[in-house]
$ cat my_file-v2.txt   # compact mmCIF, C-alpha atoms and all ligand atoms
# COMPACT_ATOMS: atom_id res chain seq x y z
CA MET D 7 155.46 70.95 96.76
CA LEU D 8 153.21 67.99 96.10
CA VAL D 9 152.88 65.00 98.39
CA ASP D 10 150.51 62.05 98.11
CA TYR D 11 149.80 60.74 101.59
CA HIS D 12 146.97 58.31 100.99
CA ILE D 13 148.02 55.48 98.69
CA HIS D 14 146.58 51.98 98.98
CA GLY D 15 149.50 49.95 97.62
CA MET D 16 147.46 46.78 97.99
CA GLY D 17 144.19 48.31 96.80
CA HIS D 18 141.59 46.04 98.34
CA LEU D 19 144.03 43.14 98.21
CA ASP D 20 144.17 43.54 94.42
CA PHE D 21 147.97 43.80 94.64
CA PRO D 22 150.47 41.94 96.85
CA HIS D 23 152.61 43.81 99.35
CA THR D 24 155.82 43.08 97.44
CA LEU D 25 158.73 45.25 96.40
CA GLU D 26 157.95 44.86 92.71
CA SER D 27 154.31 45.76 93.07
CA LEU D 28 154.83 48.73 95.39
CA ALA D 29 157.57 50.03 93.09
CA GLN D 30 154.89 50.52 90.39
CA PHE D 31 153.13 53.03 92.63
CA LEU D 32 156.37 54.88 93.31
CA SER D 33 157.35 54.99 89.63
CA ALA D 34 153.93 56.47 88.88
CA ALA D 35 154.44 59.11 91.60
CA ARG D 36 157.91 59.94 90.33
CA ALA D 37 156.62 60.30 86.77
CA ARG D 38 154.11 62.86 88.07
CA GLY D 39 156.73 64.86 89.92
CA ILE D 40 155.64 63.83 93.39
CA LYS D 41 158.67 63.52 95.63
CA GLU D 42 157.04 62.50 98.88
CA VAL D 43 154.51 59.70 99.17
CA GLY D 44 152.91 57.79 101.97
CA PHE D 45 151.39 54.34 101.79
CA ALA D 46 148.27 54.14 103.92
CA GLU D 47 146.71 50.69 103.64
CA HIS D 48 143.36 49.98 105.23
CA ASP D 49 144.08 48.79 108.76
CA HIS D 50 142.14 45.55 108.27
CA TYR D 51 144.87 44.46 105.83
CA LEU D 52 147.58 44.98 108.45
CA PRO D 53 148.54 41.27 108.50
CA HIS D 54 149.38 41.49 104.77
CA ILE D 55 151.87 44.34 105.13
CA ASN D 56 155.53 43.44 104.96
CA PHE D 57 157.17 46.33 106.81
CA GLU D 58 160.63 45.33 105.57
CA ASN D 59 159.62 46.58 102.14
CA PHE D 60 159.84 50.20 103.24
CA ALA D 61 163.61 50.20 103.82
CA LEU D 62 164.11 48.36 100.53
CA LEU D 63 161.93 50.83 98.64
CA ARG D 64 163.88 53.74 100.12
CA GLU D 65 167.09 52.17 98.80
CA ARG D 66 165.57 51.71 95.38
CA PHE D 67 164.05 55.23 95.19
CA PRO D 68 166.70 57.37 96.88
CA ASP D 69 165.33 60.55 95.29
CA MET D 70 161.96 60.11 97.01
CA VAL D 71 160.69 60.40 100.57
CA ILE D 72 158.62 57.33 101.36
CA ARG D 73 156.40 57.35 104.43
CA CYS D 74 154.66 54.53 106.20
CA GLY D 75 151.12 55.45 107.20
CA LEU D 76 147.89 53.59 107.80
CA GLU D 77 144.22 54.38 107.19
CA VAL D 78 142.53 53.37 110.42
CA GLU D 79 138.81 52.77 110.84
CA TYR D 80 137.42 54.89 113.66
CA LEU D 81 135.33 52.54 115.78
CA PRO D 82 133.77 54.42 118.71
CA GLY D 83 134.50 52.81 122.04
CA ARG D 84 137.10 50.49 120.55
CA GLU D 85 140.09 52.86 120.66
CA LYS D 86 141.96 50.62 123.14
CA GLU D 87 141.55 47.60 120.91
CA THR D 88 142.85 49.55 117.89
CA GLU D 89 145.81 50.91 119.86
CA GLU D 90 146.63 47.40 120.99
CA ARG D 91 146.68 46.13 117.40
CA LEU D 92 149.03 48.88 116.26
CA ARG D 93 151.36 48.74 119.23
CA GLY D 94 155.02 48.28 118.38
CA ILE D 95 154.72 49.30 114.72
CA GLU D 96 156.47 52.52 113.82
CA PHE D 97 154.20 54.58 111.60
CA ASP D 98 154.93 58.03 110.22
CA TYR D 99 151.25 58.91 110.55
CA LEU D 100 147.79 57.49 111.07
CA ILE D 101 144.79 58.59 109.02
CA GLY D 102 141.56 58.36 111.01
CA SER D 103 138.56 57.58 108.79
CA VAL D 104 134.85 57.08 109.36
CA HIS D 105 133.32 54.60 106.88
CA TYR D 106 130.74 53.10 109.24
CA ILE D 107 127.64 54.47 110.89
CA GLY D 108 126.84 51.75 113.37
CA GLU D 109 127.04 48.55 111.34
CA TRP D 110 126.38 50.32 108.06
CA LEU D 111 129.36 50.62 105.68
CA PHE D 112 127.88 53.68 104.02
CA ASP D 113 130.60 54.28 101.42
CA HIS D 114 130.16 50.87 99.75
CA PRO D 115 127.95 50.85 96.63
CA ASP D 116 126.33 47.56 97.73
CA TYR D 117 124.79 49.30 100.75
CA ILE D 118 123.68 52.52 99.08
CA ALA D 119 120.02 51.71 99.88
CA GLY D 120 120.84 52.59 103.49
CA PHE D 121 120.65 56.29 102.59
CA GLU D 122 116.88 55.94 102.02
CA GLU D 123 116.37 55.23 105.71
CA TRP D 124 117.68 58.60 106.82
CA ASP D 125 116.68 62.19 106.94
CA LEU D 126 119.79 63.61 105.29
CA ARG D 127 120.31 66.44 107.75
CA GLU D 128 120.16 63.95 110.59
CA LEU D 129 122.50 61.59 108.75
CA TYR D 130 125.07 64.36 108.22
CA ARG D 131 124.77 65.36 111.88
CA VAL D 132 125.44 61.81 113.01
CA TYR D 133 128.32 61.38 110.55
CA PHE D 134 130.04 64.63 111.52
CA GLY D 135 129.45 63.74 115.16
CA LEU D 136 131.56 60.62 114.62
CA VAL D 137 134.25 62.63 112.84
CA ALA D 138 134.34 65.04 115.78
CA GLU D 139 134.69 62.15 118.24
CA MET D 140 137.47 60.70 116.12
CA ALA D 141 139.28 64.05 116.14
CA GLN D 142 138.90 64.31 119.91
CA SER D 143 140.17 60.77 120.50
CA GLY D 144 143.76 61.92 119.98
CA SER D 145 144.58 58.61 118.31
CA PHE D 146 145.21 59.88 114.78
CA ASP D 147 147.20 62.51 112.88
CA ILE D 148 145.18 63.11 109.70
CA VAL D 149 141.42 63.26 109.10
CA GLY D 150 140.57 61.02 106.14
CA HIS D 151 138.08 62.34 103.53
CA PHE D 152 136.41 64.72 105.97
CA ASP D 153 132.96 64.78 104.28
CA LEU D 154 132.87 61.24 102.85
CA ILE D 155 129.15 61.00 103.66
CA LYS D 156 128.45 62.89 100.40
CA ILE D 157 130.14 60.15 98.34
CA PHE D 158 127.06 59.10 96.33
CA GLY D 159 125.71 62.62 95.99
CA HIS D 160 123.15 62.60 98.83
CA ARG D 161 122.99 66.25 99.89
CA PRO D 162 120.96 67.64 102.79
CA PRO D 163 119.00 70.85 102.24
CA GLY D 164 120.79 73.98 103.46
CA PRO D 165 124.46 74.72 104.03
CA VAL D 166 126.63 71.73 104.94
CA LEU D 167 128.99 74.06 106.80
CA GLU D 168 126.41 74.41 109.57
CA LEU D 169 126.33 70.63 110.02
CA ALA D 170 130.11 70.30 109.77
CA ARG D 171 131.29 73.28 111.80
CA ALA D 172 131.53 71.49 115.16
CA ALA D 173 133.56 68.71 113.55
CA LEU D 174 135.95 71.25 112.02
CA GLU D 175 136.36 72.87 115.42
CA ALA D 176 137.09 69.44 116.91
CA VAL D 177 139.75 68.87 114.23
CA LYS D 178 141.33 72.18 115.21
CA GLU D 179 141.18 71.41 118.93
CA GLY D 180 142.48 67.89 118.36
CA GLY D 181 145.53 69.33 116.58
CA MET D 182 144.83 67.24 113.51
CA VAL D 183 145.62 67.80 109.85
CA LEU D 184 142.90 67.62 107.17
CA GLU D 185 143.71 65.68 104.05
CA VAL D 186 142.58 67.22 100.82
CA ASN D 187 141.54 64.04 99.04
CA THR D 188 140.98 64.23 95.28
CA ALA D 189 139.08 60.91 95.03
CA GLY D 190 135.84 62.80 95.65
CA TRP D 191 136.13 64.33 92.17
CA HIS D 192 135.85 60.81 90.77
CA ARG D 193 132.88 59.67 92.85
CA PRO D 194 129.22 60.49 92.16
CA ALA D 195 129.59 63.47 94.55
CA GLN D 196 132.02 64.96 91.98
CA GLU D 197 133.54 67.19 94.61
CA LEU D 198 136.81 67.31 96.49
CA TYR D 199 136.89 66.03 100.09
CA PRO D 200 136.44 68.37 101.92
CA ALA D 201 134.16 70.64 99.87
CA PRO D 202 135.77 74.02 99.07
CA GLU D 203 133.43 75.91 101.44
CA LEU D 204 134.54 73.63 104.28
CA LEU D 205 138.18 74.12 103.33
CA LYS D 206 137.70 77.87 103.49
CA GLU D 207 136.41 77.52 107.03
CA ALA D 208 139.30 75.17 107.86
CA PHE D 209 141.72 77.84 106.66
CA ARG D 210 139.96 80.47 108.76
CA LEU D 211 140.31 78.19 111.80
CA GLY D 212 144.01 77.61 111.11
CA ILE D 213 143.71 73.90 110.39
CA PRO D 214 146.70 72.55 108.42
CA VAL D 215 146.21 70.41 105.32
CA THR D 216 147.98 67.69 103.40
CA LEU D 217 147.29 66.24 99.94
CA SER D 218 146.14 62.80 98.90
CA SER D 219 144.72 60.89 95.97
CA ASP D 220 143.39 57.84 97.86
CA ALA D 221 144.86 55.83 94.98
CA HIS D 222 143.89 52.16 94.85
CA SER D 223 146.06 51.48 91.77
CA PRO D 224 149.26 52.96 90.27
CA GLU D 225 147.34 54.96 87.62
CA GLN D 226 145.53 56.85 90.37
CA VAL D 227 148.66 57.99 92.21
CA GLY D 228 148.90 61.77 92.28
CA ARG D 229 145.61 62.17 90.42
CA ASP D 230 144.46 65.82 90.32
CA LEU D 231 146.81 66.89 93.08
CA GLU D 232 147.97 69.87 91.03
CA ARG D 233 144.34 70.99 90.69
CA ALA D 234 143.81 70.62 94.46
CA ARG D 235 146.98 72.59 95.11
CA GLU D 236 145.71 75.48 92.97
CA LEU D 237 142.48 75.49 94.93
CA LEU D 238 144.35 75.56 98.25
CA LEU D 239 146.53 78.44 97.05
CA ASN D 240 143.38 80.35 96.08
CA ILE D 241 141.91 79.81 99.52
CA GLY D 242 145.10 81.17 101.07
CA TYR D 243 147.07 78.10 102.13
CA ARG D 244 150.84 78.43 101.66
CA GLN D 245 152.01 75.40 103.61
CA ILE D 246 151.40 71.71 103.56
CA ALA D 247 151.85 69.26 106.42
CA ALA D 248 153.98 66.13 106.19
CA PHE D 249 154.81 63.59 108.89
CA SER D 250 157.80 61.67 110.13
CA ARG D 251 157.32 59.23 113.03
CA ARG D 252 154.11 60.96 114.06
CA GLU D 253 155.80 64.39 114.09
CA ARG D 254 154.40 67.14 111.89
CA ILE D 255 156.67 68.87 109.37
CA PHE D 256 155.58 71.91 107.35
CA MET D 257 156.67 72.49 103.77
CA PRO D 258 155.82 75.19 101.26
CA LEU D 259 152.74 74.23 99.27
ZN ZN W 301 139.77 51.56 100.01
FE FE W 302 138.72 55.68 103.23
FE FE W 303 141.50 55.23 101.52

$ encode --input "my_file-v2.txt" --output "structure tokens"
Amino acid sequence: MLVDYHIHGMGHLDFPHTLESLAQFLSAARARGIKEVGFAEHDHYLPHINFENFALLRERFPDMVIRCGLEVEYLPGREKETEERLRGIEFDYLIGSVHYIGEWLFDHPDYIAGFEEWDLRELYRVYFGLVAEMAQSGSFDIVGHFDLIKIFGHRPPGPVLELARAALEAVKEGGMVLEVNTAGWHRPAQELYPAPELLKEAFRLGIPVTLSSDAHSPEQVGRDLERARELLLNIGYRQIAAFSRRERIFMPL
């Protein structure tokens, strides 16, 4: 079964958080045979979310399961602050993502020059160190785009698995789910997040997975999820994780 758990219904504020606009994303999912979807806006757009829309959407799309998630920036040392901001809102799941190394927003094309200042092995070590910390924080349910640091195609010499292994082990210990995010296929990296060799190790460690497109517009909903599913089946996965009110539910893949 296909789910799409990482949909930005507002894009980067390109779309309003209205019933009409969000319905476009759900119609796109339905047309692609995806029966369970989760909106996961960037947490800095939290004030723009109208949570009443979720109940209304569920009425309008009774054949679909619609989850309310959030993609949360992992900011080391600021976990309390983040918790405080999210207090009192009932989410089905939280995606923890690392987009910053210090002050550097490394996944933004405007700041790509920042890569020149690093030894790539060191950069990957630091990045995966942050992912490991995020996994150990216990604040989140799903690891967002596990190896996002490769986004623009900067690859360190040698096997990435060696640099990523400790982070994978932290994900396992933290009881988190890895999202298999197809957006990587459409970035200069031209590779799924996480890379297949990392997914194989995740499977070996017994880390559960879920599926996501990281759509920022209706056309991108469900993109390449069937292809990702095939890959997961080949690796050996037979189940997929879903969430309801921060509780994990397993479904056949
Ligand atoms: Zn985004
Ligand atoms: Fe992200
Ligand atoms: Fe995202």

$ residues_near_ligand --input "my_file-v2.txt" --ligand "ligand ZN 301 (chain W)" --cutoff "9 Å" --atoms "only C-alpha atoms and all ligand atoms" --output "PyMOL selection string"
chain D and resi 14+17-18+47-48+77+220-222

$ residues_around --input "my_file-v2.txt" --residues "Gly83 (chain D)" --least-positions-apart "6" --cutoff "12 Å" --atoms "all atoms listed in the file" --output "list of chain:residue names"
D:Glu89, D:Gly108, D:Leu136, D:Glu139, D:Met140, D:Ser143

$ closest_residue --input "my_file-v2.txt" --among "D:Arg252, D:Arg235, D:Arg193, D:Arg36" --to "Val71 (chain D)" --atoms "all atoms listed in the file"
D:Arg36

$ atom_distance --input "my_file-v2.txt" --atom1 "CA of Pro224 (chain D)" --atom2 "CA of Ala34 (chain D)"
6.0 Å

$ residues_near_ligand --input "my_file-v2.txt" --ligand "ligand FE 302 (chain W)" --cutoff "7 Å" --atoms "all atoms listed in the file" --output "PyMOL selection string"
chain D and resi 77+103+105+150-151

$ residues_near_ligand --input "my_file-v2.txt" --ligand "ligand FE 303 (chain W)" --cutoff "12 Å" --atoms "all atoms listed in the file" --output "MDAnalysis selection string"
chainID D and resid 10:18 44:50 75:79 100:105 113 148:152 154 185 187:190 199 218:223 226

$ write_last_selection --input "my_file-v2.txt" --atoms "C-alpha atoms" --output "compact mmCIF listing (two decimals), in the coordinates of the input"
# COMPACT_ATOMS: atom_id res chain seq x y z
CA ASP D 10 150.51 62.05 98.11
CA TYR D 11 149.80 60.74 101.59
CA HIS D 12 146.97 58.31 100.99
CA ILE D 13 148.02 55.48 98.69
CA HIS D 14 146.58 51.98 98.98
CA GLY D 15 149.50 49.95 97.62
CA MET D 16 147.46 46.78 97.99
CA GLY D 17 144.19 48.31 96.80
CA HIS D 18 141.59 46.04 98.34
CA GLY D 44 152.91 57.79 101.97
CA PHE D 45 151.39 54.34 101.79
CA ALA D 46 148.27 54.14 103.92
CA GLU D 47 146.71 50.69 103.64
CA HIS D 48 143.36 49.98 105.23
CA ASP D 49 144.08 48.79 108.76
CA HIS D 50 142.14 45.55 108.27
CA GLY D 75 151.12 55.45 107.20
CA LEU D 76 147.89 53.59 107.80
CA GLU D 77 144.22 54.38 107.19
CA VAL D 78 142.53 53.37 110.42
CA GLU D 79 138.81 52.77 110.84
CA LEU D 100 147.79 57.49 111.07
CA ILE D 101 144.79 58.59 109.02
CA GLY D 102 141.56 58.36 111.01
CA SER D 103 138.56 57.58 108.79
CA VAL D 104 134.85 57.08 109.36
CA HIS D 105 133.32 54.60 106.88
CA ASP D 113 130.60 54.28 101.42
CA ILE D 148 145.18 63.11 109.70
CA VAL D 149 141.42 63.26 109.10
CA GLY D 150 140.57 61.02 106.14
CA HIS D 151 138.08 62.34 103.53
CA PHE D 152 136.41 64.72 105.97
CA LEU D 154 132.87 61.24 102.85
CA GLU D 185 143.71 65.68 104.05
CA ASN D 187 141.54 64.04 99.04
CA THR D 188 140.98 64.23 95.28
CA ALA D 189 139.08 60.91 95.03
CA GLY D 190 135.84 62.80 95.65
CA TYR D 199 136.89 66.03 100.09
CA SER D 218 146.14 62.80 98.90
CA SER D 219 144.72 60.89 95.97
CA ASP D 220 143.39 57.84 97.86
CA ALA D 221 144.86 55.83 94.98
CA HIS D 222 143.89 52.16 94.85
CA SER D 223 146.06 51.48 91.77
CA GLN D 226 145.53 56.85 90.37

$ residues_around --input "my_file-v2.txt" --residues "Arg244 (chain D)" --least-positions-apart "6" --cutoff "12 Å" --atoms "only C-alpha atoms" --output "list in words"
Met7, Phe209, Gly212, Pro214, Val215, Thr216, Arg235, Glu236, Leu237, Leu238, Phe256, Met257, Pro258 and Leu259 of chain D

$ atom_distance --input "my_file-v2.txt" --atom1 "CA of Tyr133 (chain D)" --atom2 "CA of Leu169 (chain D)"
9.5 Å

$ atom_distance --input "my_file-v2.txt" --atom1 "CA of Ile107 (chain D)" --atom2 "CA of Phe249 (chain D)"
28.7 Å

$ axis_aligned_box --input "my_file-v2.txt" --around "region 90-95 of chain D" --padding-each-side "6 Å" --output "AutoDock Vina command-line options"
--center_x 150.8 --center_y 47.7 --center_z 117.9 --size_x 20.4 --size_y 15.2 --size_z 18.3

$ closest_residue --input "my_file-v2.txt" --among "D:Phe158, D:Lys41, D:Ser33, D:Pro53" --to "His114 (chain D)" --atoms "all atoms listed in the file"
D:Phe158

$ residues_around --input "my_file-v2.txt" --residues "Glu123 (chain D)" --least-positions-apart "6" --cutoff "12 Å" --atoms "only C-alpha atoms" --output "ChimeraX atom specification"
/D:110,112,117,129

$ residues_around --input "my_file-v2.txt" --residues "Val177 (chain D)" --least-positions-apart "6" --cutoff "9 Å" --atoms "all atoms listed in the file" --output "PyMOL selection string"
chain D and resi 137-138+140-142+149+183-184+208+213

$ closest_residue --input "my_file-v2.txt" --among "D:Cys74, D:Met182, D:Ile118, D:Ala173" --to "Asp98 (chain D)" --atoms "only C-alpha atoms"
D:Cys74

$ closest_residue --input "my_file-v2.txt" --among "D:Glu42, D:Glu179, D:Arg171, D:Leu52" --to "Phe67 (chain D)" --atoms "all atoms listed in the file"
D:Glu42

$ closest_residue --input "my_file-v2.txt" --among "D:Leu81, D:Ile241, D:Glu96, D:Ile40" --to "Phe60 (chain D)" --atoms "all atoms listed in the file"
D:Glu96

$ closest_residue --input "my_file-v2.txt" --among "D:Arg91, D:Arg251, D:Leu126, D:Glu168" --to "Ile72 (chain D)" --atoms "all atoms listed in the file"
D:Arg251

$ decode --input "my_file-v2.txt" --residues "region 145-158 of chain D" --atoms "N, CA, C and O atoms" --output "CSV table (one decimal), in the first residue's frame"
chain,number,residue,atom,x,y,z
D,145,SER,N,12.3,13.6,20.1
D,145,SER,CA,11.3,14.6,19.9
D,145,SER,C,10.4,14.3,18.6
D,145,SER,O,9.4,14.9,18.4
D,146,PHE,N,11.0,13.4,17.8
D,146,PHE,CA,10.3,13.2,16.5
D,146,PHE,C,10.0,11.8,16.2
D,146,PHE,O,10.6,10.9,16.8
D,147,ASP,N,9.2,11.6,15.2
D,147,ASP,CA,8.8,10.2,14.8
D,147,ASP,C,9.4,9.7,13.5
D,147,ASP,O,9.7,8.5,13.4
D,148,ILE,N,9.7,10.6,12.6
D,148,ILE,CA,10.2,10.2,11.3
D,148,ILE,C,11.5,11.0,11.0
D,148,ILE,O,11.5,12.2,11.2
D,149,VAL,N,12.5,10.3,10.4
D,149,VAL,CA,13.7,11.1,10.0
D,149,VAL,C,13.4,11.6,8.6
D,149,VAL,O,13.3,10.8,7.6
D,150,GLY,N,13.5,12.9,8.4
D,150,GLY,CA,13.3,13.5,7.0
D,150,GLY,C,14.6,13.3,6.2
D,150,GLY,O,15.7,13.4,6.7
D,151,HIS,N,14.4,13.0,4.9
D,151,HIS,CA,15.5,12.9,3.9
D,151,HIS,C,16.9,12.7,4.6
D,151,HIS,O,17.7,13.6,4.7
D,152,PHE,N,17.1,11.4,5.0
D,152,PHE,CA,18.2,11.0,5.9
D,152,PHE,C,19.6,11.5,5.4
D,152,PHE,O,20.4,11.9,6.2
D,153,ASP,N,19.8,11.5,4.1
D,153,ASP,CA,21.1,11.9,3.6
D,153,ASP,C,21.0,13.1,2.7
D,153,ASP,O,21.6,13.2,1.6
D,154,LEU,N,20.2,14.1,3.1
D,154,LEU,CA,20.0,15.3,2.4
D,154,LEU,C,21.3,16.1,2.0
D,154,LEU,O,21.3,16.8,1.0
D,155,ILE,N,22.4,15.9,2.7
D,155,ILE,CA,23.6,16.6,2.5
D,155,ILE,C,24.2,16.3,1.1
D,155,ILE,O,24.9,17.1,0.5
D,156,LYS,N,23.7,15.3,0.4
D,156,LYS,CA,24.1,15.0,-1.0
D,156,LYS,C,23.4,15.7,-2.0
D,156,LYS,O,23.7,15.6,-3.2
D,157,ILE,N,22.4,16.6,-1.6
D,157,ILE,CA,21.4,17.2,-2.5
D,157,ILE,C,22.0,17.7,-3.8
D,157,ILE,O,21.4,17.5,-4.9
D,158,PHE,N,23.1,18.4,-3.7
D,158,PHE,CA,23.7,19.0,-5.0
D,158,PHE,C,24.8,18.2,-5.6
D,158,PHE,O,25.5,18.6,-6.5
